[in-house]
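upload.cif follows; it contains mmCIF, C-alpha atoms and all ligand atoms.
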data_data
#
loop_
_atom_site.label_atom_id
_atom_site.label_comp_id
_atom_site.auth_asym_id
_atom_site.auth_seq_id
_atom_site.Cartn_x
_atom_site.Cartn_y
_atom_site.Cartn_z
CA MET A 1 68.72 95.95 91.79
CA SER A 2 71.82 94.47 93.40
CA GLU A 3 75.20 96.15 93.17
CA ARG A 4 76.41 93.25 91.04
CA LEU A 5 73.62 93.64 88.48
CA ARG A 6 74.14 97.37 88.23
CA ARG A 7 77.71 97.01 87.01
CA GLU A 8 78.51 98.66 83.73
CA PRO A 9 79.80 96.29 81.07
CA PRO A 10 83.50 96.68 80.42
CA ARG A 11 84.16 97.93 76.91
CA PHE A 12 86.25 95.72 74.69
CA ARG A 13 88.71 97.32 72.30
CA HIS A 14 89.67 95.28 69.24
CA VAL A 15 93.39 94.78 68.83
CA THR A 16 95.74 92.60 66.84
CA VAL A 17 99.04 91.06 67.79
CA SER A 18 101.76 93.29 66.35
CA GLN A 19 104.78 91.40 67.70
CA THR A 20 105.92 88.81 70.19
CA GLU A 21 109.17 88.37 72.06
CA ARG A 22 110.36 85.52 74.29
CA ARG A 23 111.63 86.97 77.54
CA SER A 24 112.41 83.51 78.90
CA PRO A 25 111.36 79.96 78.00
CA ARG A 26 108.25 80.54 80.16
CA LEU A 27 107.45 84.19 79.54
CA VAL A 28 106.37 85.76 76.27
CA ARG A 29 105.81 89.44 75.64
CA VAL A 30 102.85 90.00 73.31
CA THR A 31 102.34 93.48 71.89
CA LEU A 32 98.73 94.27 71.01
CA ALA A 33 98.00 97.25 68.82
CA GLY A 34 95.19 98.99 67.02
CA PRO A 35 93.38 102.31 66.66
CA GLU A 36 90.80 101.35 69.30
CA LEU A 37 93.56 101.74 71.92
CA GLU A 38 93.30 105.52 71.41
CA GLY A 39 92.48 106.96 74.85
CA PHE A 40 93.75 103.92 76.76
CA ALA A 41 95.80 105.19 79.71
CA LEU A 42 97.87 103.60 82.44
CA ASP A 43 97.84 105.70 85.60
CA GLN A 44 98.92 103.17 88.20
CA PRO A 45 101.36 100.25 88.32
CA ALA A 46 100.11 96.68 88.84
CA ALA A 47 96.75 97.37 87.23
CA SER A 48 94.85 94.78 85.21
CA VAL A 49 93.30 94.31 81.81
CA ARG A 50 90.96 91.61 80.58
CA LEU A 51 92.06 89.84 77.42
CA LEU A 52 89.32 88.36 75.25
CA LEU A 53 90.54 85.52 73.05
CA PRO A 54 88.91 83.51 70.26
CA SER A 55 87.00 80.55 71.68
CA PRO A 56 88.26 77.06 70.90
CA GLY A 57 86.92 75.95 67.52
CA ALA A 58 85.66 79.43 66.55
CA ALA A 59 86.69 80.84 63.19
CA GLY A 60 87.50 84.28 64.61
CA LEU A 61 87.05 86.54 67.57
CA VAL A 62 83.45 87.03 68.67
CA VAL A 63 82.78 89.84 71.10
CA PRO A 64 80.28 88.50 73.65
CA ALA A 65 77.13 90.26 74.85
CA TRP A 66 76.71 91.60 78.40
CA ASN A 67 73.72 90.13 80.25
CA GLY A 68 73.89 92.54 83.17
CA ASN A 69 76.23 90.35 85.13
CA GLU A 70 78.61 88.61 82.78
CA PHE A 71 79.56 88.24 79.16
CA LEU A 72 78.10 85.39 77.11
CA LEU A 73 78.66 84.31 73.53
CA PRO A 74 75.69 84.05 71.14
CA ASP A 75 75.62 80.25 71.67
CA GLY A 76 75.38 80.74 75.46
CA ARG A 77 78.95 79.65 76.15
CA ARG A 78 81.27 81.71 78.28
CA PRO A 79 83.95 83.50 76.30
CA VAL A 80 87.63 83.05 77.00
CA ILE A 81 88.60 86.08 79.07
CA ARG A 82 91.75 86.21 81.17
CA THR A 83 93.33 88.89 83.34
CA PHE A 84 96.82 90.28 82.75
CA THR A 85 98.99 93.18 83.81
CA PRO A 86 99.17 95.96 81.23
CA ARG A 87 102.97 96.07 81.37
CA ARG A 88 103.65 99.01 79.05
CA PHE A 89 101.56 101.23 76.80
CA ASP A 90 103.04 103.18 73.92
CA THR A 91 100.67 106.11 73.46
CA ARG A 92 102.11 107.05 70.06
CA ALA A 93 102.18 103.62 68.45
CA LEU A 94 99.04 102.58 70.39
CA GLY A 95 100.76 99.37 71.40
CA LEU A 96 100.10 97.55 74.66
CA ASP A 97 102.57 94.98 76.02
CA LEU A 98 101.38 92.01 78.03
CA GLU A 99 103.81 89.45 79.45
CA ILE A 100 102.18 86.05 79.61
CA VAL A 101 103.46 82.99 81.44
CA ILE A 102 103.63 79.85 79.32
CA HIS A 103 102.58 77.39 81.99
CA GLY A 104 101.07 74.64 79.86
CA ALA A 105 97.43 73.74 79.40
CA GLY A 106 95.50 77.00 79.61
CA ALA A 107 93.71 79.01 76.94
CA ALA A 108 95.83 82.14 77.33
CA SER A 109 99.09 80.26 77.85
CA GLU A 110 98.53 78.24 74.68
CA TRP A 111 97.42 81.32 72.74
CA ALA A 112 100.48 83.32 73.80
CA ASP A 113 102.80 80.40 73.06
CA GLY A 114 101.65 80.36 69.44
CA ALA A 115 100.74 84.03 69.00
CA GLU A 116 101.62 85.53 65.65
CA ALA A 117 101.38 89.03 64.20
CA GLY A 118 97.92 89.76 62.85
CA GLN A 119 95.96 87.56 65.26
CA ALA A 120 92.84 89.19 66.68
CA ALA A 121 92.03 89.72 70.36
CA ALA A 122 90.29 92.37 72.46
CA ILE A 123 91.15 94.23 75.63
CA SER A 124 89.08 95.87 78.34
CA GLY A 125 90.24 98.04 81.18
CA PRO A 126 92.52 98.98 82.72
CA GLY A 127 91.23 98.17 86.19
CA ARG A 128 92.60 99.81 89.28
CA GLY A 129 96.25 99.30 90.16
CA TYR A 130 98.37 99.90 93.24
CA ALA A 131 98.25 103.31 94.91
CA ILE A 132 101.81 103.98 96.05
CA ASP A 133 102.25 105.52 99.49
CA GLY A 134 105.09 107.92 98.69
CA GLY A 135 105.80 108.40 102.40
CA ALA A 136 106.31 104.71 103.23
CA PRO A 137 109.68 104.00 104.93
CA ALA A 138 110.22 100.79 102.91
CA PHE A 139 108.52 98.47 100.43
CA PHE A 140 108.41 94.69 100.26
CA LEU A 141 107.42 93.13 96.92
CA ALA A 142 106.95 89.42 96.36
CA GLY A 143 105.37 87.31 93.67
CA ASP A 144 105.60 84.34 91.37
CA GLU A 145 106.26 84.53 87.64
CA THR A 146 102.74 85.89 86.91
CA ALA A 147 103.61 88.85 89.12
CA VAL A 148 106.86 89.69 87.32
CA PRO A 149 105.19 92.26 85.00
CA ALA A 150 103.57 94.01 87.97
CA ILE A 151 106.74 93.87 90.09
CA SER A 152 108.65 95.34 87.13
CA GLN A 153 106.20 98.24 86.93
CA LEU A 154 106.36 98.77 90.67
CA LEU A 155 110.16 98.93 90.57
CA GLU A 156 109.86 101.62 87.89
CA ALA A 157 107.32 103.58 89.92
CA LEU A 158 108.45 103.36 93.57
CA PRO A 159 110.34 106.36 94.99
CA ALA A 160 114.06 106.07 94.19
CA GLU A 161 115.13 106.95 97.74
CA THR A 162 113.03 104.25 99.47
CA PRO A 163 114.45 100.76 100.16
CA VAL A 164 112.67 97.94 98.32
CA GLU A 165 113.06 94.25 99.09
CA VAL A 166 111.95 91.97 96.23
CA HIS A 167 111.36 88.20 96.29
CA VAL A 168 110.40 86.26 93.17
CA GLU A 169 109.40 82.59 93.01
CA MET A 170 110.25 80.73 89.80
CA GLY A 171 110.12 77.19 88.52
CA GLY A 172 113.88 77.32 87.91
CA PRO A 173 116.82 79.63 87.09
CA GLU A 174 116.04 79.51 83.34
CA SER A 175 112.82 81.46 84.02
CA ARG A 176 114.57 84.50 85.52
CA VAL A 177 114.30 87.75 83.59
CA ALA A 178 116.01 91.09 84.02
CA LEU A 179 114.03 93.41 86.29
CA PRO A 180 114.17 97.20 86.02
CA ASP A 181 116.88 98.84 88.12
CA HIS A 182 115.87 100.56 91.30
CA PRO A 183 118.73 102.22 93.22
CA ARG A 184 117.67 100.83 96.60
CA ALA A 185 116.24 97.45 95.60
CA THR A 186 117.58 94.04 96.57
CA VAL A 187 116.19 91.12 94.59
CA SER A 188 116.13 87.47 95.71
CA TRP A 189 115.10 84.65 93.37
CA HIS A 190 113.59 81.49 94.83
CA ASP A 191 113.30 78.27 92.85
CA LEU A 192 110.19 76.32 93.75
CA PRO A 193 111.31 72.76 94.57
CA PRO A 194 109.63 70.12 92.37
CA GLY A 195 106.35 68.99 93.92
CA ALA A 196 106.13 71.94 96.32
CA PRO A 197 102.81 73.83 96.29
CA PRO A 198 102.91 77.07 94.30
CA GLY A 199 103.63 79.96 96.63
CA GLY A 200 105.58 77.71 99.02
CA ALA A 201 108.90 79.46 98.40
CA LEU A 202 107.23 82.87 98.68
CA PHE A 203 105.65 81.90 101.97
CA ALA A 204 109.06 80.87 103.34
CA ALA A 205 110.57 84.16 102.14
CA VAL A 206 107.84 86.20 103.81
CA ARG A 207 107.97 84.15 107.02
CA ASP A 208 111.74 84.52 107.36
CA VAL A 209 112.05 88.20 106.51
CA ASN A 210 112.68 90.96 109.00
CA LEU A 211 110.07 93.59 108.15
CA PRO A 212 110.85 97.20 109.06
CA GLU A 213 108.23 99.18 110.98
CA GLY A 214 105.64 100.70 108.64
CA VAL A 215 106.78 98.75 105.55
CA GLN A 216 104.26 98.54 102.72
CA LEU A 217 103.85 95.02 101.29
CA TRP A 218 102.67 94.07 97.82
CA VAL A 219 102.45 90.31 97.14
CA ALA A 220 100.80 88.35 94.31
CA GLY A 221 100.69 84.76 93.13
CA GLU A 222 98.67 81.57 93.45
CA ALA A 223 95.49 82.09 95.48
CA ALA A 224 95.96 79.46 98.21
CA GLY A 225 99.58 80.51 98.67
CA MET A 226 98.44 84.11 99.03
CA GLN A 227 95.85 83.12 101.62
CA ARG A 228 98.60 81.48 103.66
CA ILE A 229 100.71 84.62 103.43
CA ARG A 230 97.76 86.84 104.42
CA ARG A 231 97.13 84.72 107.50
CA HIS A 232 100.78 84.86 108.49
CA LEU A 233 100.97 88.64 108.07
CA PHE A 234 97.71 89.43 109.84
CA GLU A 235 97.46 86.72 112.49
CA GLU A 236 101.05 85.92 113.35
CA ARG A 237 102.72 89.26 112.74
CA GLY A 238 99.77 91.57 113.40
CA ILE A 239 100.56 93.72 110.36
CA PRO A 240 97.74 96.20 109.70
CA ARG A 241 95.77 95.44 106.54
CA SER A 242 96.34 99.03 105.41
CA GLN A 243 100.02 98.14 104.92
CA THR A 244 99.36 95.16 102.70
CA ALA A 245 98.12 94.33 99.20
CA VAL A 246 98.10 90.55 98.78
CA ARG A 247 96.53 89.40 95.52
CA GLY A 248 95.53 85.94 94.31
CA TYR A 249 96.46 85.95 90.61
CA TRP A 250 95.50 82.36 89.69
CA LYS A 251 94.06 79.22 91.24
CA HIS A 252 95.97 75.97 91.25
CA GLY A 253 93.99 73.27 89.41
CA ARG A 254 91.25 75.64 88.25
CA ALA A 255 90.84 77.67 85.07
CA ALA A 256 90.35 81.40 85.57
CA ASP A 257 86.83 82.62 86.27
CA ASN A 258 85.53 84.21 83.09
CA THR A 259 83.05 86.59 84.66
CA ALA A 260 83.91 90.19 83.98
CA GLY A 261 85.81 91.66 86.89
CA ALA A 262 88.22 94.51 87.18
CA GLY A 263 88.89 96.05 83.84
C1 LIG B 1 95.32 91.33 88.43
C2 LIG B 1 95.97 90.14 87.73
C3 LIG B 1 97.11 90.34 86.95
C4 LIG B 1 97.71 89.25 86.32
N1 LIG B 1 98.82 89.48 85.54
C5 LIG B 1 99.40 88.45 84.87
C6 LIG B 1 100.49 88.68 83.99
O1 LIG B 1 100.92 89.82 83.78
N2 LIG B 1 101.04 87.60 83.36
C7 LIG B 1 100.56 86.32 83.56
O2 LIG B 1 101.08 85.39 82.94
N3 LIG B 1 99.50 86.09 84.38
C8 LIG B 1 98.92 87.11 85.02
N4 LIG B 1 97.83 86.88 85.84
C9 LIG B 1 97.43 85.48 86.05
C10 LIG B 1 96.60 84.91 84.91
O3 LIG B 1 95.38 85.62 84.80
C11 LIG B 1 96.29 83.42 85.22
O4 LIG B 1 97.48 82.67 85.31
C12 LIG B 1 95.35 82.76 84.20
O5 LIG B 1 94.78 81.62 84.83
C13 LIG B 1 96.03 82.30 82.94
O6 LIG B 1 95.03 81.81 82.07
P1 LIG B 1 95.20 80.48 81.19
O7 LIG B 1 94.11 80.52 80.19
O8 LIG B 1 96.61 80.37 80.69
O9 LIG B 1 94.97 79.30 82.22
P2 LIG B 1 93.53 78.86 82.83
O10 LIG B 1 92.66 78.34 81.73
O11 LIG B 1 93.01 79.95 83.67
O12 LIG B 1 93.95 77.65 83.78
C14 LIG B 1 94.19 76.34 83.25
C15 LIG B 1 95.04 75.55 84.25
O13 LIG B 1 96.32 76.17 84.36
C16 LIG B 1 96.62 76.49 85.71
N5 LIG B 1 97.37 77.76 85.73
C17 LIG B 1 96.91 79.01 85.47
N6 LIG B 1 97.91 79.92 85.56
C18 LIG B 1 99.03 79.19 85.91
C19 LIG B 1 100.38 79.55 86.16
N7 LIG B 1 100.83 80.80 86.06
N8 LIG B 1 101.26 78.56 86.47
C20 LIG B 1 100.85 77.27 86.56
N9 LIG B 1 99.57 76.87 86.34
C21 LIG B 1 98.68 77.84 86.01
C22 LIG B 1 95.27 76.58 86.43
O14 LIG B 1 95.41 76.24 87.76
C23 LIG B 1 94.43 75.55 85.66
O15 LIG B 1 94.65 74.27 86.21
C24 LIG B 1 97.20 87.94 86.47
C25 LIG B 1 96.03 87.76 87.24
C26 LIG B 1 95.43 88.83 87.87
C27 LIG B 1 94.18 88.62 88.68
#
Full structure transcribed into structure tokens:
Amino acid sequence: MSERLRREPPRFRHVTVSQTERRSPRLVRVTLAGPELEGFALDQPAASVRLLLPSPGAAGLVVPAWNGNEFLLPDGRRPVIRTFTPRRFDTRALGLDLEIVIHGAGAASEWADGAEAGQAAAISGPGRGYAIDGGAPAFFLAGDETAVPAISQLLEALPAETPVEVHVEMGGPESRVALPDHPRATVSWHDLPPGAPPGGALFAAVRDVNLPEGVQLWVAGEAAGMQRIRRHLFEERGIPRSQTAVRGYWKHGRAADNTAGAG
């Protein structure tokens, strides 16, 4: 049996929306709560969870069946499952915060935009996050608005004495949100010019930066933009892969792949 077919099915925990909060016109914090979150634990920053949402036209939430490789609904359709950063978990209230970008036409974006207390969803995970190298001389974090929850967690978790350079790409100044304080962090915001490919401003930031020897880089955003950044780091700068974590968080022009992955 192939490695892929041997995968264990992720377990979905039923939750309901307990509250929502607009962090910016394009970012909404959705708190999911419920007794099935008992035992959920966040050990690493920048981890992932899979959010199962009601399918379009369905009366309620249907938990799909695992066929050994992916989840399918009883009618054979693929369920709506999207990946998000588990931003904060309250172990006492059993409440999990996700921060979801309202980008327009997308199942999760539309759901989060209209989310109301009491709505049903389900969560699996968390998947693996970022293992912090406590001995690194410096950190470089960069990402677009989908990476803001993970960057926020990283800022909370990185050693206080280590310098951190942060670059965030946004559609415009109105999308900026307060990031957690880190005593040695410098944060630069980059507005993506209209018509520019997503990740373009991040690429320019990475290309122009002076990286200290041994710096650890964490970068996340649109997949093609991340590929460009990877190539630059590996091929033009010769940075060892062990110093980098560059993650494609979404694909321009393509809905997220529903197959069960991390978490
Ligand atoms: C490990 C991981 C962690 C993530 N954490 C977060 C998080 O904390 N918050 C968050 O908001 N997202 C996060 N993402 C990204 C999120 O999973 C995708 O943006 C996802 O596609 C959103 O689903 P959707 O149903 O709204 O859009 P989809 O149905 O997947 O896509 C519909 C259309 O919208 C476009 N699209 C998707 N996302 C965006 C975007 N951000 N901006 C512009 N166009 C977009 C697609 O290209 C497609 O054309 C994370 C992804 C990964 C892999």
Q | Minimum-distance residue to Leu61 (chain A), chosen among A:Ala220, A:Leu73, A:Ala108, A:Val206 (using only C-alpha atoms) | A | A:Leu73
Give me the box for ligand LIG 1 (chain B) as JSON, namely the centre and edge lengths in Å to one decimal of a box along x, y and z that holds every listed atom plus 6 Å on each side.
{"center_x": 97.0, "center_y": 82.8, "center_z": 84.4, "size_x": 20.6, "size_y": 29.1, "size_z": 20.5}
Q) Mind listing the residues within 9 Å of ligand LIG 1 (chain B), all atoms listed in the file counted, as a PyMOL selection string? A) chain A and resi 27-28+46-50+80-87+98-112+127-129+144-150+198+220-222+247-258+262
Q) Skipping near chain neighbours, those fewer than 3 positions away, what residues fall within 8 Å of region 31-40 of chain A using only C-alpha atoms, listed as a PyMOL selection string? A) chain A and resi 13-20+91+93-98+126
Q | For CA of Ala245 (chain A) and CA of Thr186 (chain A), the interatomic separation in Å (one decimal) | A | 19.6 Å
Q: Go ahead and compute the interatomic distance for CA of Val164 (chain A) and CA of Arg231 (chain A), in Å to one decimal.
A: 22.4 Å
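We find CA of Ser24 (chain A) and CA of Ala115 (chain A) to be spaced 15.3 Å apart.
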Q. Pick from A:Ala201, A:Leu233, A:Val219, A:Leu155: nearest to Gly172 (chain A), with all atoms listed in the file counted?
A. A:Ala201
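Of the listed residues (A:Pro79, A:Pro56, A:Gly238, A:Pro25), A:Pro25 comes nearest to Gly171 (chain A); the distances count all atoms listed in the file.
When only C-alpha atoms are used to measure the gap to Val209 (chain A), the shortest distance among A:Arg77, A:Arg92, A:Arg237, A:Arg11 belongs to A:Arg237.
Distance check against Ala131 (chain A) using only C-alpha atoms: of A:Leu158, A:Met226, A:Leu52, A:Ala117, the minimum falls on A:Leu158.
Here the question is which of A:Glu169, A:Glu156, A:Glu235, A:Glu8 gets nearest to Arg184 (chain A) using all atoms listed in the file, and that residue is A:Glu156.
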